[in-house]
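Next up, data.csv (CSV, C-alpha atoms):
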chain,number,residue,atom,x,y,z
O,226,MET,CA,1.7,47.9,19.6
O,227,SER,CA,1.1,50.6,17.0
O,228,SER,CA,-1.3,49.8,14.2
O,229,ASP,CA,0.1,52.5,12.0
O,230,ARG,CA,0.4,51.6,8.3
O,231,ILE,CA,1.7,53.4,5.3
O,232,ILE,CA,-0.5,53.7,2.2
O,233,GLN,CA,1.1,54.6,-1.1
O,234,VAL,CA,-1.1,57.1,-2.9
O,235,GLU,CA,0.9,58.9,-5.7
O,236,ARG,CA,-1.9,61.1,-6.9
O,237,ASP,CA,-1.8,64.7,-8.3
O,238,ILE,CA,-3.4,67.2,-5.9
O,239,LEU,CA,-5.0,68.9,-8.9
O,240,GLY,CA,-6.0,65.5,-10.4
O,241,LYS,CA,-9.8,66.2,-10.1
O,242,ASN,CA,-9.5,69.6,-11.9
O,243,ASP,CA,-7.2,68.1,-14.5
O,244,ARG,CA,-9.8,65.3,-15.3
O,245,LEU,CA,-12.6,67.9,-15.6
O,246,ALA,CA,-10.3,70.0,-17.8
O,247,ALA,CA,-9.7,67.0,-20.0
O,248,ASP,CA,-13.5,66.6,-20.3
O,249,ASN,CA,-13.9,70.2,-21.3
O,250,ARG,CA,-11.1,69.8,-23.9
O,251,ALA,CA,-12.8,66.8,-25.4
O,252,ARG,CA,-16.1,68.7,-25.7
O,253,PHE,CA,-14.3,71.7,-27.3
O,254,GLN,CA,-12.6,69.4,-29.8
O,255,ALA,CA,-15.9,67.6,-30.6
O,256,ASP,CA,-17.5,71.0,-31.3
O,257,GLU,CA,-14.4,72.2,-33.2
O,258,VAL,CA,-14.2,75.1,-30.8
O,259,LEU,CA,-10.9,77.0,-30.3
O,260,ALA,CA,-10.8,77.9,-26.6
O,261,PHE,CA,-8.4,80.6,-25.2
O,262,ASN,CA,-7.9,81.3,-21.5
O,263,LEU,CA,-7.0,85.0,-21.1
O,264,VAL,CA,-5.0,85.8,-18.0
O,265,SER,CA,-3.5,89.0,-16.6
O,266,SER,CA,-3.3,91.2,-13.6
O,267,PRO,CA,-6.3,93.4,-12.9
O,268,GLY,CA,-6.5,96.4,-15.2
O,269,ALA,CA,-4.3,95.1,-18.0
O,270,GLY,CA,-7.3,95.6,-20.4
O,271,LYS,CA,-8.6,92.0,-21.0
O,272,THR,CA,-12.2,93.0,-21.3
O,273,SER,CA,-11.5,96.1,-23.5
O,274,LEU,CA,-9.4,93.9,-25.7
O,275,LEU,CA,-12.1,91.2,-25.9
O,276,VAL,CA,-14.9,93.8,-26.7
O,277,ARG,CA,-12.9,94.9,-29.7
O,278,ALA,CA,-11.9,91.4,-30.8
O,279,VAL,CA,-15.4,89.9,-30.6
O,280,SER,CA,-17.0,92.9,-32.3
O,281,GLU,CA,-14.5,92.5,-35.2
O,282,LEU,CA,-14.6,88.7,-35.4
O,283,LYS,CA,-18.3,88.0,-34.7
O,284,ASN,CA,-19.3,88.0,-38.4
O,285,GLY,CA,-16.7,85.4,-39.2
O,286,PHE,CA,-17.3,82.7,-36.6
O,287,PRO,CA,-19.7,81.8,-33.7
O,288,ILE,CA,-18.2,83.4,-30.6
O,289,GLY,CA,-18.9,82.9,-26.9
O,290,VAL,CA,-17.3,84.4,-23.8
O,291,ILE,CA,-17.0,83.2,-20.3
O,292,GLU,CA,-16.2,86.0,-17.9
O,293,GLY,CA,-14.7,85.3,-14.5
O,294,ASP,CA,-14.7,87.9,-11.7
O,295,GLN,CA,-15.0,87.7,-7.9
O,296,GLN,CA,-18.2,89.9,-8.1
O,297,THR,CA,-20.4,91.8,-10.5
O,298,SER,CA,-21.6,91.0,-14.0
O,299,ASN,CA,-20.2,94.2,-15.5
O,300,ASP,CA,-17.8,92.4,-17.8
O,301,ALA,CA,-20.4,90.0,-19.3
O,302,GLU,CA,-22.7,93.0,-19.9
O,303,ARG,CA,-19.9,94.8,-21.8
O,304,ILE,CA,-19.5,91.7,-24.0
O,305,ARG,CA,-23.3,91.2,-24.5
O,306,ALA,CA,-23.5,94.9,-25.6
O,307,THR,CA,-21.6,93.8,-28.8
O,308,GLY,CA,-24.3,91.1,-29.5
O,309,VAL,CA,-22.0,88.2,-28.5
O,310,ALA,CA,-23.1,85.7,-25.9
O,311,ALA,CA,-21.4,85.9,-22.6
O,312,ILE,CA,-21.8,84.0,-19.3
O,313,GLN,CA,-20.6,85.6,-16.1
O,314,VAL,CA,-19.1,83.4,-13.4
O,315,ASN,CA,-18.6,84.9,-10.0
O,316,THR,CA,-16.0,83.1,-8.0
O,317,GLY,CA,-17.0,84.8,-4.7
O,318,LYS,CA,-14.0,84.4,-2.4
O,319,GLY,CA,-12.1,82.4,-5.1
O,320,CYS,CA,-9.2,83.8,-6.9
O,321,HIS,CA,-9.3,81.8,-10.2
O,322,LEU,CA,-11.7,79.9,-12.5
O,323,ASP,CA,-11.6,76.1,-12.3
O,324,ALA,CA,-12.5,73.5,-14.9
O,325,ALA,CA,-15.9,72.7,-13.3
O,326,MET,CA,-17.0,76.3,-13.5
O,327,VAL,CA,-16.0,76.5,-17.1
O,328,GLY,CA,-17.8,73.3,-18.0
O,329,GLU,CA,-21.0,74.5,-16.4
O,330,ALA,CA,-20.7,77.9,-18.1
O,331,TYR,CA,-20.1,76.3,-21.5
O,332,ASP,CA,-23.4,74.4,-21.1
O,333,ARG,CA,-25.2,77.7,-20.8
O,334,LEU,CA,-23.7,79.2,-24.0
O,335,PRO,CA,-25.3,78.7,-27.4
O,336,TRP,CA,-23.6,76.0,-29.6
O,337,LEU,CA,-20.3,77.5,-30.8
O,338,ASN,CA,-19.8,74.9,-33.6
O,339,GLY,CA,-16.5,75.6,-35.3
O,340,GLY,CA,-16.1,78.9,-33.5
O,341,ILE,CA,-14.1,80.5,-30.7
O,342,LEU,CA,-14.5,80.5,-26.9
O,343,PHE,CA,-12.7,83.2,-25.0
O,344,ILE,CA,-12.5,82.6,-21.3
O,345,GLU,CA,-11.5,85.7,-19.4
O,346,ASN,CA,-10.0,84.5,-16.1
O,347,VAL,CA,-10.0,86.4,-12.8
O,348,GLY,CA,-7.5,89.3,-12.9
O,349,ASN,CA,-4.7,87.6,-11.0
O,350,LEU,CA,-1.2,86.6,-12.2
O,351,VAL,CA,-0.7,83.9,-9.6
O,352,CYS,CA,-3.5,81.3,-9.0
O,353,PRO,CA,-5.0,80.9,-12.5
O,354,ALA,CA,-1.6,79.5,-13.7
O,355,ALA,CA,-2.2,76.3,-11.8
O,356,PHE,CA,-5.7,75.5,-13.1
O,357,ASP,CA,-6.1,73.9,-16.5
O,358,LEU,CA,-9.6,74.8,-17.9
O,359,GLY,CA,-9.4,72.7,-21.0
O,360,GLU,CA,-8.3,75.6,-23.2
O,361,ALA,CA,-6.1,75.3,-26.4
O,362,CYS,CA,-3.7,77.7,-24.7
O,363,LYS,CA,-3.3,80.5,-22.3
O,364,ILE,CA,-2.9,84.1,-23.5
O,365,VAL,CA,-1.3,86.4,-21.0
O,366,VAL,CA,-2.2,90.1,-21.4
O,367,PHE,CA,0.4,92.4,-20.2
O,368,SER,CA,0.1,96.2,-20.4
O,369,THR,CA,2.7,98.9,-20.9
O,370,THR,CA,1.6,100.5,-17.6
O,371,GLU,CA,3.0,97.6,-15.7
O,372,GLY,CA,6.7,97.1,-15.0
O,373,GLU,CA,8.8,95.5,-17.6
O,374,ASP,CA,10.0,93.0,-15.0
O,375,LYS,CA,6.6,91.5,-14.4
O,376,PRO,CA,7.4,88.2,-16.3
O,377,LEU,CA,10.2,87.7,-13.7
O,378,LYS,CA,8.0,88.6,-10.8
O,379,TYR,CA,5.2,86.2,-11.9
O,380,PRO,CA,7.1,83.6,-13.8
O,381,ASP,CA,4.6,80.8,-13.5
O,382,MET,CA,2.0,82.6,-15.6
O,383,PHE,CA,4.4,83.6,-18.3
O,384,ALA,CA,5.7,80.1,-18.4
O,385,ALA,CA,2.2,78.7,-18.8
O,386,SER,CA,1.2,81.0,-21.6
O,387,SER,CA,1.7,80.5,-25.4
O,388,LEU,CA,1.2,84.1,-26.4
O,389,MET,CA,1.9,87.4,-24.6
O,390,LEU,CA,-0.3,90.3,-25.9
O,391,ILE,CA,1.3,93.6,-24.9
O,392,ASN,CA,-1.7,95.9,-24.6
O,393,LYS,CA,-1.8,99.8,-24.3
O,394,ILE,CA,1.0,100.0,-26.8
O,395,ASP,CA,-0.3,103.5,-27.8
O,396,LEU,CA,0.9,104.7,-24.4
O,397,ALA,CA,4.4,103.3,-24.8
O,398,PRO,CA,6.0,106.6,-25.8
O,399,VAL,CA,4.6,108.5,-22.8
O,400,LEU,CA,5.7,105.8,-20.4
O,401,ASP,CA,9.2,105.2,-21.7
O,402,PHE,CA,8.1,101.6,-22.0
O,403,ASP,CA,11.0,99.3,-22.9
O,404,LEU,CA,9.5,96.7,-25.2
O,405,ALA,CA,12.8,94.8,-25.9
O,406,ARG,CA,13.5,94.4,-22.2
O,407,THR,CA,9.9,93.1,-21.5
O,408,VAL,CA,10.3,90.5,-24.3
O,409,GLU,CA,13.7,89.5,-23.1
O,410,TYR,CA,12.4,88.9,-19.5
O,411,ALA,CA,9.4,86.9,-20.8
O,412,ARG,CA,11.7,84.7,-22.9
O,413,ARG,CA,13.9,84.1,-19.9
O,414,VAL,CA,11.0,82.2,-18.3
O,415,ASN,CA,9.5,80.9,-21.5
O,416,PRO,CA,11.9,80.8,-24.5
O,417,GLY,CA,9.0,79.7,-26.8
O,418,ILE,CA,6.4,82.5,-25.9
O,419,GLU,CA,5.1,84.4,-28.9
O,420,VAL,CA,4.6,88.2,-28.5
O,421,LEU,CA,2.3,90.7,-30.2
O,422,THR,CA,1.7,94.3,-29.4
O,423,VAL,CA,-1.8,95.8,-29.5
O,424,SER,CA,-3.9,98.7,-28.4
O,425,ALA,CA,-7.5,97.9,-27.4
O,426,ARG,CA,-8.2,101.7,-27.6
O,427,THR,CA,-6.9,102.4,-31.1
O,428,GLY,CA,-7.1,98.9,-32.7
O,429,GLU,CA,-3.4,98.9,-33.5
O,430,GLY,CA,-2.0,95.3,-33.8
O,431,PHE,CA,-5.3,93.5,-33.9
O,432,PRO,CA,-5.0,92.2,-37.5
O,433,ALA,CA,-1.8,90.4,-36.4
O,434,PHE,CA,-3.7,89.0,-33.4
O,435,TYR,CA,-6.5,87.7,-35.7
O,436,ALA,CA,-4.0,86.2,-38.0
O,437,TRP,CA,-2.5,84.4,-35.0
O,438,ILE,CA,-5.9,83.1,-34.0
O,439,ARG,CA,-6.5,81.8,-37.6
O,440,ARG,CA,-3.1,80.0,-37.5
O,441,ARG,CA,-4.1,78.4,-34.2
O,442,GLY,CA,-7.4,77.3,-35.7
O,443,ALA,CA,-5.7,75.8,-38.7
O,444,LYS,CA,-3.3,73.9,-36.4
O,445,MET,CA,-6.2,72.6,-34.3
O,446,LYS,CA,-7.9,71.3,-37.5
O,447,GLN,CA,-4.7,69.6,-38.7
O,448,THR,CA,-4.2,67.9,-35.3
O,449,ALA,CA,-7.9,66.8,-35.3
O,450,MET,CA,-7.5,65.3,-38.8
O,451,ALA,CA,-4.2,63.6,-37.8
O,452,THR,CA,-6.0,62.0,-34.8
O,453,GLN,CA,-8.8,60.7,-37.0
O,454,ASP,CA,-6.5,59.1,-39.5
A,158,MET,CA,-5.5,81.9,-2.1
A,159,HIS,CA,-5.3,78.9,-4.4
A,160,GLU,CA,-3.6,77.2,-1.4
A,161,MET,CA,-7.1,76.7,0.0
A,162,ALA,CA,-8.2,75.0,-3.2
A,163,LEU,CA,-5.1,72.8,-3.2
A,164,CYS,CA,-5.7,71.8,0.4
A,165,GLU,CA,-9.3,70.9,-0.5
A,166,GLY,CA,-7.8,68.8,-3.3
A,167,ILE,CA,-5.6,67.0,-0.8
A,168,ILE,CA,-8.5,66.3,1.7
A,169,GLY,CA,-10.6,65.1,-1.3
A,170,ILE,CA,-7.9,62.5,-2.1
A,171,VAL,CA,-7.5,61.5,1.5
A,172,GLU,CA,-11.3,61.0,1.9
A,173,GLU,CA,-11.4,58.9,-1.3
A,174,GLU,CA,-8.5,56.7,-0.2
A,175,ALA,CA,-10.2,56.3,3.2
A,176,ARG,CA,-13.3,54.9,1.5
A,177,LYS,CA,-11.3,52.6,-0.8
A,178,ARG,CA,-8.9,51.3,1.8
A,179,ALA,CA,-10.9,51.4,5.0
A,180,PHE,CA,-9.1,53.6,7.5
A,181,ALA,CA,-10.6,56.0,9.9
A,182,LYS,CA,-7.6,58.2,11.0
A,183,VAL,CA,-4.7,59.8,9.3
A,184,ASN,CA,-1.6,60.7,11.2
A,185,ILE,CA,0.7,61.9,8.4
A,186,VAL,CA,0.0,63.2,4.9
A,187,CYS,CA,3.1,63.1,2.8
A,188,LEU,CA,3.3,65.4,-0.2
A,189,GLU,CA,5.8,65.9,-3.0
A,190,ILE,CA,6.1,69.5,-4.0
A,191,GLY,CA,8.4,70.6,-6.8
A,192,ALA,CA,10.6,73.7,-6.5
A,193,LEU,CA,8.9,75.0,-9.7
A,194,SER,CA,5.4,74.1,-8.8
A,195,HIS,CA,2.6,76.6,-8.2
A,196,VAL,CA,2.8,76.6,-4.4
A,197,ALA,CA,5.1,77.4,-1.5
A,198,PRO,CA,5.3,74.6,1.1
A,199,GLU,CA,4.9,77.0,4.0
A,200,ALA,CA,1.7,78.4,2.5
A,201,LEU,CA,0.2,74.9,2.2
A,202,LYS,CA,1.1,74.1,5.8
A,203,PHE,CA,-0.6,77.3,6.9
A,204,CYS,CA,-3.8,76.4,5.2
A,205,PHE,CA,-3.9,72.7,5.8
A,206,GLU,CA,-4.8,72.8,9.4
A,207,ALA,CA,-7.8,75.0,8.8
A,208,VAL,CA,-9.1,73.0,5.8
A,209,ALA,CA,-8.5,69.7,7.6
A,210,ALA,CA,-10.6,70.6,10.6
A,211,ARG,CA,-13.7,68.4,11.0
A,212,THR,CA,-12.5,66.1,8.2
A,213,ILE,CA,-10.8,62.6,8.4
A,214,ALA,CA,-7.5,64.5,8.2
A,215,GLN,CA,-8.1,66.6,11.3
A,216,GLY,CA,-5.0,66.8,13.4
A,217,ALA,CA,-2.8,65.0,10.7
A,218,ARG,CA,0.7,66.3,10.2
A,219,LEU,CA,1.7,67.5,6.8
A,220,GLU,CA,5.1,66.3,5.6
A,221,ILE,CA,6.5,67.9,2.5
A,222,VAL,CA,9.2,66.4,0.3
A,223,GLU,CA,10.6,69.2,-1.9
A,224,THR,CA,11.9,68.0,-5.2
A,225,PRO,CA,14.4,70.1,-7.2
A,226,GLY,CA,13.7,72.0,-10.4
A,227,THR,CA,15.4,70.5,-13.4
A,228,ALA,CA,15.6,71.8,-17.0
A,229,TRP,CA,17.2,70.8,-20.3
A,230,CYS,CA,19.6,73.4,-21.5
A,231,MET,CA,19.4,73.5,-25.3
A,232,ALA,CA,22.7,75.3,-25.6
A,233,CYS,CA,24.6,72.8,-23.4
A,234,SER,CA,22.6,69.8,-24.4
A,235,LYS,CA,22.4,68.6,-20.8
A,236,SER,CA,20.1,68.5,-17.8
A,237,VAL,CA,20.7,71.2,-15.2
A,238,GLU,CA,19.2,72.1,-11.8
A,239,ILE,CA,17.4,75.5,-11.3
A,240,LYS,CA,15.7,77.0,-8.3
A,241,GLN,CA,13.5,79.5,-10.1
A,242,ARG,CA,12.0,79.6,-13.6
A,243,TYR,CA,13.9,82.8,-14.6
A,244,GLU,CA,17.3,81.5,-13.5
A,245,PRO,CA,19.9,81.1,-16.2
A,246,CYS,CA,21.6,77.8,-16.9
A,247,PRO,CA,24.3,77.4,-14.2
A,248,SER,CA,26.8,76.2,-16.8
A,249,CYS,CA,26.4,78.6,-19.8
A,250,GLY,CA,24.4,81.5,-18.3
A,251,GLY,CA,21.8,81.2,-21.1
A,252,HIS,CA,18.1,81.1,-20.9
A,253,GLN,CA,17.3,78.4,-23.5
A,254,LEU,CA,15.9,76.1,-20.8
A,255,GLN,CA,13.0,73.7,-21.0
A,256,VAL,CA,11.7,72.7,-17.6
A,257,THR,CA,11.8,68.9,-17.2
A,258,GLY,CA,11.0,68.4,-13.5
A,259,GLY,CA,10.1,70.1,-10.3
A,260,GLU,CA,6.5,71.0,-11.2
A,261,GLU,CA,5.0,68.1,-9.2
A,262,MET,CA,2.2,68.7,-6.6
A,263,ARG,CA,1.3,65.1,-5.4
A,264,VAL,CA,0.1,63.2,-2.4
A,265,ARG,CA,2.8,60.6,-2.1
A,266,GLU,CA,1.6,58.5,0.9
A,267,LEU,CA,-0.4,58.5,4.0
A,268,GLU,CA,0.3,57.1,7.5
A,269,VAL,CA,-3.0,55.9,8.8
A,270,ASP,CA,-4.4,54.0,11.8
Step by step, read the file and then write its structure as structure tokens.
Amino acid sequence: MSSDRIIQVERDILGKNDRLAADNRARFQADEVLAFNLVSSPGAGKTSLLVRAVSELKNGFPIGVIEGDQQTSNDAERIRATGVAAIQVNTGKGCHLDAAMVGEAYDRLPWLNGGILFIENVGNLVCPAAFDLGEACKIVVFSTTEGEDKPLKYPDMFAASSLMLINKIDLAPVLDFDLARTVEYARRVNPGIEVLTVSARTGEGFPAFYAWIRRRGAKMKQTAMATQD
Amino acid sequence: MHEMALCEGIIGIVEEEARKRAFAKVNIVCLEIGALSHVAPEALKFCFEAVAARTIAQGARLEIVETPGTAWCMACSKSVEIKQRYEPCPSCGGHQLQVTGGEEMRVRELEVD
């Protein structure tokens, strides 16, 4: 006679990561830190964009950066050269940051009380979409040198992101880049996604990005006050 | 290769359940994977055997129940089925869709000895 039995489990495969992400989110909220998870394919310009943003914002708020790459600490060094604290996480064979890595890296940053945490994920438009890190939202960086149809080819990432930053906009005329088509494709997978165009090289579009960050910060404070009431 | 991380998550759940519910062998691991989730069932099956080796789930068969993608069409004010995120509403052809189901990645049940 068979002794087989069926056990009902009903548990999320990413449940452990999601619990750790919830812990991170609670810590960010307690510190009033606005955390962004920057995702893109390799070479879209996440680090150049961050170097400019942290240089221009660092006098206004405490800022910290967590850099994820398979290997090297090149990116963290580029951030530290601006005077902003950065922790490099090497994922080795891994293709994404997970919530545990971010929690440990956050421990090693100075206290960001009321400031901003930028998490630069591994350049990869697939895997990081699945892993919540505890961020306020994901920002997908897309560059004009990529095909306009990338949102359709990698829909999960564009669906998971609240903002699409279209970088290298200064190159758009040379490349015959079709902005309207890119935005239309992104909104097919995510009707609510916001879109800003920037150039990390020239600084074009950054004031609008900072205004967007300030709006997110105000929204976070409102939500926190509503929860306290 | 986030399939490896997902398989490690599955094995972690199986090992926790084995401690809680006292079983020593798993014959079948049954998963629920949504059509709009972050993984393809074939990729999971490919990785599972390698990750399960030398664990309590060694030799277990992976059974995957695929659940359909569903979305709320704001233009039609009704629920529709979609296979991919970029697909238009099958009724009106529009893209004003809010995904409502099919993102699951769950361990449903285990058949154990």
Task: Two-atom distance - CA of Gly372 (chain O), CA of Gly250 (chain A) (Å) - done: 23.8 Å
Could you list, as an mmCIF file with C-alpha atoms, in the frame of the given file, every residue within 12 Å of region 165-176 of chain A, counting only C-alpha atoms and ignoring same-chain residues fewer than 6 positions away?
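Saved file around_16.cif follows:
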data_model
loop_
_atom_site.group_PDB
_atom_site.id
_atom_site.type_symbol
_atom_site.label_atom_id
_atom_site.label_comp_id
_atom_site.auth_asym_id
_atom_site.auth_seq_id
_atom_site.Cartn_x
_atom_site.Cartn_y
_atom_site.Cartn_z
ATOM 1 C CA ILE O 232 -0.500 53.700 2.200
ATOM 2 C CA GLN O 233 1.100 54.600 -1.100
ATOM 3 C CA VAL O 234 -1.100 57.100 -2.900
ATOM 4 C CA GLU O 235 0.900 58.900 -5.700
ATOM 5 C CA ARG O 236 -1.900 61.100 -6.900
ATOM 6 C CA ASP O 237 -1.800 64.700 -8.300
ATOM 7 C CA ILE O 238 -3.400 67.200 -5.900
ATOM 8 C CA LEU O 239 -5.000 68.900 -8.900
ATOM 9 C CA GLY O 240 -6.000 65.500 -10.400
ATOM 10 C CA LYS O 241 -9.800 66.200 -10.100
ATOM 11 C CA ASN O 242 -9.500 69.600 -11.900
ATOM 12 C CA ASP O 243 -7.200 68.100 -14.500
ATOM 13 C CA MET A 158 -5.500 81.900 -2.100
ATOM 14 C CA HIS A 159 -5.300 78.900 -4.400
ATOM 15 C CA LYS A 182 -7.600 58.200 11.000
ATOM 16 C CA VAL A 183 -4.700 59.800 9.300
ATOM 17 C CA ASN A 184 -1.600 60.700 11.200
ATOM 18 C CA ILE A 185 0.700 61.900 8.400
ATOM 19 C CA VAL A 186 0.000 63.200 4.900
ATOM 20 C CA CYS A 187 3.100 63.100 2.800
ATOM 21 C CA LEU A 188 3.300 65.400 -0.200
ATOM 22 C CA GLU A 189 5.800 65.900 -3.000
ATOM 23 C CA LEU A 201 0.200 74.900 2.200
ATOM 24 C CA LYS A 202 1.100 74.100 5.800
ATOM 25 C CA CYS A 204 -3.800 76.400 5.200
ATOM 26 C CA PHE A 205 -3.900 72.700 5.800
ATOM 27 C CA GLU A 206 -4.800 72.800 9.400
ATOM 28 C CA ALA A 207 -7.800 75.000 8.800
ATOM 29 C CA VAL A 208 -9.100 73.000 5.800
ATOM 30 C CA ALA A 209 -8.500 69.700 7.600
ATOM 31 C CA ALA A 210 -10.600 70.600 10.600
ATOM 32 C CA ARG A 211 -13.700 68.400 11.000
ATOM 33 C CA THR A 212 -12.500 66.100 8.200
ATOM 34 C CA ILE A 213 -10.800 62.600 8.400
ATOM 35 C CA ALA A 214 -7.500 64.500 8.200
ATOM 36 C CA GLN A 215 -8.100 66.600 11.300
ATOM 37 C CA ALA A 217 -2.800 65.000 10.700
ATOM 38 C CA LEU A 219 1.700 67.500 6.800
ATOM 39 C CA MET A 262 2.200 68.700 -6.600
ATOM 40 C CA ARG A 263 1.300 65.100 -5.400
ATOM 41 C CA VAL A 264 0.100 63.200 -2.400
ATOM 42 C CA ARG A 265 2.800 60.600 -2.100
ATOM 43 C CA GLU A 266 1.600 58.500 0.900
ATOM 44 C CA LEU A 267 -0.400 58.500 4.000
ATOM 45 C CA GLU A 268 0.300 57.100 7.500
ATOM 46 C CA VAL A 269 -3.000 55.900 8.800
ATOM 47 C CA ASP A 270 -4.400 54.000 11.800
#
TODO: With a distance threshold of 12 Å and counting all atoms listed in the file, extract the residues of chain O near chain A and express them as a PyMOL selection string.
DONE: chain O and resi 226-243+318-323+349-356+374-385+409-418
Determine, counting all atoms listed in the file, which protein, DNA and RNA residues have an atom within 9 Å of an atom of Leu259 (chain O); residues of the same chain fewer than 5 positions away are not included. Present the result as a PDB file with C-alpha atoms, keeping the file's coordinate frame.
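After the write, result_23.pdb holds the following:
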ATOM      1  CA  PHE O 253     -14.300  71.700 -27.300  1.00  0.00           C
ATOM      2  CA  GLN O 254     -12.600  69.400 -29.800  1.00  0.00           C
ATOM      3  CA  GLY O 339     -16.500  75.600 -35.300  1.00  0.00           C
ATOM      4  CA  GLY O 340     -16.100  78.900 -33.500  1.00  0.00           C
ATOM      5  CA  ILE O 341     -14.100  80.500 -30.700  1.00  0.00           C
ATOM      6  CA  LEU O 342     -14.500  80.500 -26.900  1.00  0.00           C
ATOM      7  CA  PHE O 343     -12.700  83.200 -25.000  1.00  0.00           C
ATOM      8  CA  GLU O 360      -8.300  75.600 -23.200  1.00  0.00           C
ATOM      9  CA  ALA O 361      -6.100  75.300 -26.400  1.00  0.00           C
ATOM     10  CA  ILE O 438      -5.900  83.100 -34.000  1.00  0.00           C
ATOM     11  CA  ARG O 441      -4.100  78.400 -34.200  1.00  0.00           C
ATOM     12  CA  GLY O 442      -7.400  77.300 -35.700  1.00  0.00           C
ATOM     13  CA  MET O 445      -6.200  72.600 -34.300  1.00  0.00           C
TER      14      MET O 445
END
Task: Between CA of Thr297 (chain O) and CA of Thr369 (chain O), distance in Å (one decimal) - done: 26.3 Å
Open item on the list: I want to know what sits within 6 Å of region 299-304 of chain O, based on all atoms listed in the file, with residues of the same chain fewer than 4 positions away left out; could you give that as a list of chain:residue names?
Closed with: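 Residues meeting the cut-off are O:Val276, O:Glu292, O:Ala311, O:Gln313.
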Go ahead and dump the residues you just picked, C-alpha atoms, as a short mmCIF file (atom, residue, chain, number, x, y, z; two decimals), keeping the file's coordinate frame.
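Writing done, so here's selection.cif:
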data_model
loop_
_atom_site.label_atom_id
_atom_site.label_comp_id
_atom_site.auth_asym_id
_atom_site.auth_seq_id
_atom_site.Cartn_x
_atom_site.Cartn_y
_atom_site.Cartn_z
CA VAL O 276 -14.90 93.80 -26.70
CA GLU O 292 -16.20 86.00 -17.90
CA ALA O 311 -21.40 85.90 -22.60
CA GLN O 313 -20.60 85.60 -16.10
#
Task: Spatial neighbours of Asn346 (chain O), 6 Å, only C-alpha atoms, chain gap at least 5 places, as a list of chain:residue names - done: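 After dropping sequence-adjacent residues, the list is O:Leu263, O:Val264, O:Gly293.
Taking CA of Glu329 (chain O) as the reference point, CA of Gln296 (chain O) is found at 17.7 Å.
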TODO: Could you check which of A:Cys230, A:Ala197, A:Phe203, A:Lys235 is closest to Glu260 (chain A), using only C-alpha atoms?
DONE: A:Ala197
Open item on the list: Calculated over only C-alpha atoms, which of the candidates O:Ala310, O:Val279, O:Val258, O:Cys362 has the smallest distance to Phe431 (chain O)?
Closed with: O:Val279
Task: Spatial sel., origin (-4.5, 90.6, -32.1), limit 8 Å, all atoms listed in the file, listed as a ChimeraX atom specification - done: /O:278,390,421-423,430-438
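Taking all atoms listed in the file into account, Glu223 (chain A) lies nearest to A:Gly191 out of the set A:Gly191, A:Ala200, A:Ser236, A:Cys249.
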- [ ] With a distance cut-off of 9 Å and all atoms listed in the file, select the neighbouring residues of Ser265 (chain O), excluding the residue or stretch itself and same-chain residues fewer than 4 positions from it, and output the selection as JSON, numbers by chain.
- [x] {"O": [269, 270, 271, 346, 347, 348, 349, 350, 364, 365, 366, 367, 368, 382]}
